Amino acid sequence: MPRASTRDQIVDAAYEQFHRHGYNAAGVKLITDSAGVPKGSFYNHFESKEALALVVMDRYGESRHLETLADEQVPPLTRLRVHFEFLAKDIVEFGYERGCVYGNFSVEAADHIPAIREGVKTGFDYWAAAITAAIREAQEDGSITSTQDAETLGRFLVNAWEGAIVGERAAKDGSSFAAFFTIAFDALLR
């Protein structure tokens with residue numbers, strides 16, 4: 001197997017370190033040590049830690065399988081539930097210690113690093129749009145009878161999910177995810 005490029009090694013390590021420790025705690029040295037590359041090689045590939053964070057956000061977005069929300073072979077309400085079940089499973093598998101990269105970066109860096117704020121906003125907007133499209137389809141096929149604006153529901157679900165993640169990182173017992181699924185799928189999306 002060909003060896004990953006130094007740039008790929010840095011991105012892989014940053015993805016893990018940012019996800020595990022957050023933006024502020026994952027310094028360039030921690031990232032390069034984790035990647036097994038000299039610290040100086042970081043600057044051959046990235047202008048700054050901020051530039052690397054933007055690449056990591058893109059990779060994180062790709063790992064969320066948003067394309068499954070548009071799979072017309074599956075009923076839209078089912079797609080929504082499966083999507084959030086996938087996200088929950090990912091967090092549970094890591095012992096509730098990794099949250100959402102967008103949420104983590106939003107809390108840590110969005111207030112004082114404009115490029116991170118824009119990256120987070122773009123990520124959340126793209127995610128909310130995918131959820132909104134599925135909600136709109138479910139409203140059209142009658143599986144969601146709520147007449148609430150689909151975009152408002154989509155944005156609300158993203159925000160509620162981010163809150164559920166925060167609750168789980170504190171409780172580590174599944175209760176916040178259970179509350180999310182109950183309200184989202186038994187009350188809101190009816």
# chains A, B, ... in the order shown; residues from 1 in each chain; ligands from 1

$ residues_around --residues "Leu189 in chain A" --least-positions-apart "2" --cutoff "7 Å" --atoms "only C-alpha atoms" --output "mmCIF file with N, CA and C atoms, in the first residue's frame"
data_model
loop_
_atom_site.group_PDB
_atom_site.id
_atom_site.type_symbol
_atom_site.label_atom_id
_atom_site.label_comp_id
_atom_site.auth_asym_id
_atom_site.auth_seq_id
_atom_site.Cartn_x
_atom_site.Cartn_y
_atom_site.Cartn_z
ATOM 1 N N ILE A 144 -45.173 13.621 7.321
ATOM 2 C CA ILE A 144 -45.121 14.693 8.323
ATOM 3 C C ILE A 144 -46.296 15.605 8.023
ATOM 4 N N SER A 146 -47.151 18.194 10.013
ATOM 5 C CA SER A 146 -46.910 19.536 10.529
ATOM 6 C C SER A 146 -46.833 20.531 9.373
ATOM 7 N N ALA A 184 -38.352 14.927 18.668
ATOM 8 C CA ALA A 184 -38.231 15.126 17.215
ATOM 9 C C ALA A 184 -39.179 14.216 16.449
ATOM 10 N N PHE A 185 -39.190 12.937 16.787
ATOM 11 C CA PHE A 185 -39.905 11.984 15.940
ATOM 12 C C PHE A 185 -41.288 11.586 16.464
ATOM 13 N N ASP A 186 -41.534 11.762 17.751
ATOM 14 C CA ASP A 186 -42.859 11.418 18.272
ATOM 15 C C ASP A 186 -43.769 12.645 18.421
ATOM 16 N N ALA A 187 -43.187 13.825 18.391
ATOM 17 C CA ALA A 187 -44.009 15.027 18.582
ATOM 18 C C ALA A 187 -43.843 16.024 17.433
#

$ closest_atom_pairs --of "range 3-25 of chain A" --to "range 51-58 of chain A" --cutoff "9 Å" --atoms "only C-alpha atoms" --output "Markdown table"
| residue | atom | partner | partner_atom | distance |
| --- | --- | --- | --- | --- |
| A:Ile10 | CA | A:Leu52 | CA | 8.7 |
| A:Val11 | CA | A:Val56 | CA | 6.6 |
| A:Asp12 | CA | A:Val56 | CA | 8.3 |
| A:Ala14 | CA | A:Val56 | CA | 7.0 |
| A:Tyr15 | CA | A:Val56 | CA | 5.5 |
| A:Phe18 | CA | A:Ala53 | CA | 8.0 |
| A:Tyr23 | CA | A:Ala53 | CA | 7.8 |

$ write_last_selection --atoms "N, CA, C and O atoms" --output "tab-separated table (two decimals), in the first residue's frame"
chain	number	residue	atom	x	y	z
A	10	ILE	N	-1.04	14.80	8.19
A	10	ILE	CA	-1.34	15.95	9.05
A	10	ILE	C	-2.86	16.14	9.15
A	10	ILE	O	-3.40	16.34	10.24
A	11	VAL	N	-3.55	16.04	8.03
A	11	VAL	CA	-5.01	16.21	8.05
A	11	VAL	C	-5.67	15.10	8.88
A	11	VAL	O	-6.55	15.37	9.69
A	12	ASP	N	-5.21	13.87	8.69
A	12	ASP	CA	-5.77	12.76	9.47
A	12	ASP	C	-5.57	12.98	10.97
A	12	ASP	O	-6.48	12.78	11.77
A	14	ALA	N	-4.97	15.84	12.51
A	14	ALA	CA	-5.73	17.02	12.96
A	14	ALA	C	-7.20	16.67	13.13
A	14	ALA	O	-7.84	17.11	14.10
A	15	TYR	N	-7.74	15.89	12.21
A	15	TYR	CA	-9.14	15.46	12.31
A	15	TYR	C	-9.36	14.78	13.66
A	15	TYR	O	-10.30	15.11	14.40
A	18	PHE	N	-8.50	17.45	16.71
A	18	PHE	CA	-9.54	18.47	16.85
A	18	PHE	C	-10.83	17.86	17.37
A	18	PHE	O	-11.52	18.44	18.19
A	23	TYR	N	-10.36	22.67	19.17
A	23	TYR	CA	-9.46	23.54	18.41
A	23	TYR	C	-8.34	24.09	19.28
A	23	TYR	O	-7.17	24.04	18.91

$ residues_around --residues "Ala25 in chain A" --least-positions-apart "6" --cutoff "12 Å" --atoms "only C-alpha atoms" --output "short mmCIF file (atom, residue, chain, number, x, y, z; two decimals) with C-alpha atoms, in the first residue's frame"
data_model
loop_
_atom_site.label_atom_id
_atom_site.label_comp_id
_atom_site.auth_asym_id
_atom_site.auth_seq_id
_atom_site.Cartn_x
_atom_site.Cartn_y
_atom_site.Cartn_z
CA ALA A 14 -5.73 17.02 12.96
CA GLN A 17 -7.03 15.70 17.58
CA PHE A 18 -9.54 18.47 16.85
CA HIS A 19 -12.39 16.03 17.27
CA ILE A 31 -0.99 17.41 15.58
CA LYS A 49 -3.74 26.06 12.13
CA ASN A 104 -16.91 22.26 19.05
CA PHE A 105 -15.37 24.84 16.73
CA GLU A 108 -14.26 27.52 20.88
CA ALA A 109 -13.23 29.61 17.93
#

$ select_by_dssp --residues "range 39-125 of chain A" --states "alpha helix (DSSP H)" --output "VMD selection string"
chain A and resid 39 to 45 49 to 63 76 to 93 101 to 108 114 to 125

$ closest_atom_pairs --of "range 56-157 of chain A" --to "range 162-177 of chain A" --cutoff "8 Å" --atoms "only C-alpha atoms" --output "JSON lines"
{"residue": "A:Ala88", "atom": "CA", "partner": "A:Phe177", "partner_atom": "CA", "distance": 7.1}
{"residue": "A:Gly95", "atom": "CA", "partner": "A:Lys172", "partner_atom": "CA", "distance": 7.3}
{"residue": "A:Tyr96", "atom": "CA", "partner": "A:Arg169", "partner_atom": "CA", "distance": 5.2}
{"residue": "A:Glu97", "atom": "CA", "partner": "A:Arg169", "partner_atom": "CA", "distance": 6.2}
{"residue": "A:Arg98", "atom": "CA", "partner": "A:Arg169", "partner_atom": "CA", "distance": 7.8}
{"residue": "A:Gly99", "atom": "CA", "partner": "A:Ile165", "partner_atom": "CA", "distance": 6.2}
{"residue": "A:Cys100", "atom": "CA", "partner": "A:Glu162", "partner_atom": "CA", "distance": 7.4}
{"residue": "A:Gly103", "atom": "CA", "partner": "A:Glu162", "partner_atom": "CA", "distance": 6.6}

$ write_last_selection --atoms "all heavy atoms" --output "tab-separated table (two decimals), in the first residue's frame"
chain	number	residue	atom	x	y	z
A	88	ALA	N	-25.78	9.56	16.39
A	88	ALA	CA	-25.76	9.15	17.79
A	88	ALA	C	-24.81	7.97	18.00
A	88	ALA	O	-24.00	7.96	18.94
A	88	ALA	CB	-27.17	8.78	18.26
A	95	GLY	N	-17.50	6.80	23.34
A	95	GLY	CA	-17.68	7.05	24.77
A	95	GLY	C	-18.17	8.44	25.10
A	95	GLY	O	-17.87	8.96	26.18
A	96	TYR	N	-18.90	9.05	24.18
A	96	TYR	CA	-19.45	10.40	24.36
A	96	TYR	C	-18.36	11.46	24.52
A	96	TYR	O	-18.63	12.56	24.97
A	96	TYR	CB	-20.39	10.48	25.59
A	96	TYR	CG	-21.55	9.52	25.55
A	96	TYR	CD1	-21.51	8.32	26.25
A	96	TYR	CD2	-22.69	9.82	24.82
A	96	TYR	CE1	-22.58	7.44	26.22
A	96	TYR	CE2	-23.76	8.94	24.78
A	96	TYR	CZ	-23.70	7.76	25.48
A	96	TYR	OH	-24.76	6.89	25.46
A	97	GLU	N	-17.14	11.14	24.13
A	97	GLU	CA	-16.04	12.08	24.33
A	97	GLU	C	-15.77	12.95	23.12
A	97	GLU	O	-15.00	13.90	23.22
A	97	GLU	CB	-14.78	11.32	24.72
A	97	GLU	CG	-14.92	10.71	26.10
A	97	GLU	CD	-13.71	9.92	26.53
A	97	GLU	OE1	-12.70	9.93	25.81
A	97	GLU	OE2	-13.78	9.30	27.60
A	98	ARG	N	-16.32	12.61	21.98
A	98	ARG	CA	-16.16	13.45	20.79
A	98	ARG	C	-17.53	13.98	20.44
A	98	ARG	O	-18.48	13.23	20.30
A	98	ARG	CB	-15.61	12.62	19.63
A	98	ARG	CG	-14.22	12.16	19.84
A	98	ARG	CD	-13.65	11.27	18.78
A	98	ARG	NE	-14.36	11.17	17.54
A	98	ARG	CZ	-13.86	10.62	16.45
A	98	ARG	NH1	-12.65	10.15	16.47
A	98	ARG	NH2	-14.56	10.54	15.35
A	99	GLY	N	-17.62	15.25	20.28
A	99	GLY	CA	-18.89	15.83	19.88
A	99	GLY	C	-18.92	16.04	18.39
A	99	GLY	O	-18.39	15.24	17.62
A	100	CYS	N	-19.51	17.11	17.98
A	100	CYS	CA	-19.59	17.51	16.59
A	100	CYS	C	-18.49	18.53	16.34
A	100	CYS	O	-18.37	19.50	17.10
A	100	CYS	CB	-20.96	18.12	16.32
A	100	CYS	SG	-21.13	18.98	14.75
A	103	GLY	N	-19.90	21.99	16.07
A	103	GLY	CA	-20.31	22.51	17.38
A	103	GLY	C	-19.11	22.87	18.24
A	103	GLY	O	-19.08	23.92	18.88

$ closest_residue --among "A:Leu77, A:Gly40, A:Leu66, A:Gly154" --to "Glu140 in chain A" --atoms "only C-alpha atoms"
A:Leu77

$ residues_around --residues "Val37 in chain A" --least-positions-apart "4" --cutoff "9 Å" --atoms "only C-alpha atoms" --output "PyMOL selection string"
chain A and resi 6+9-10+31-33+41-42
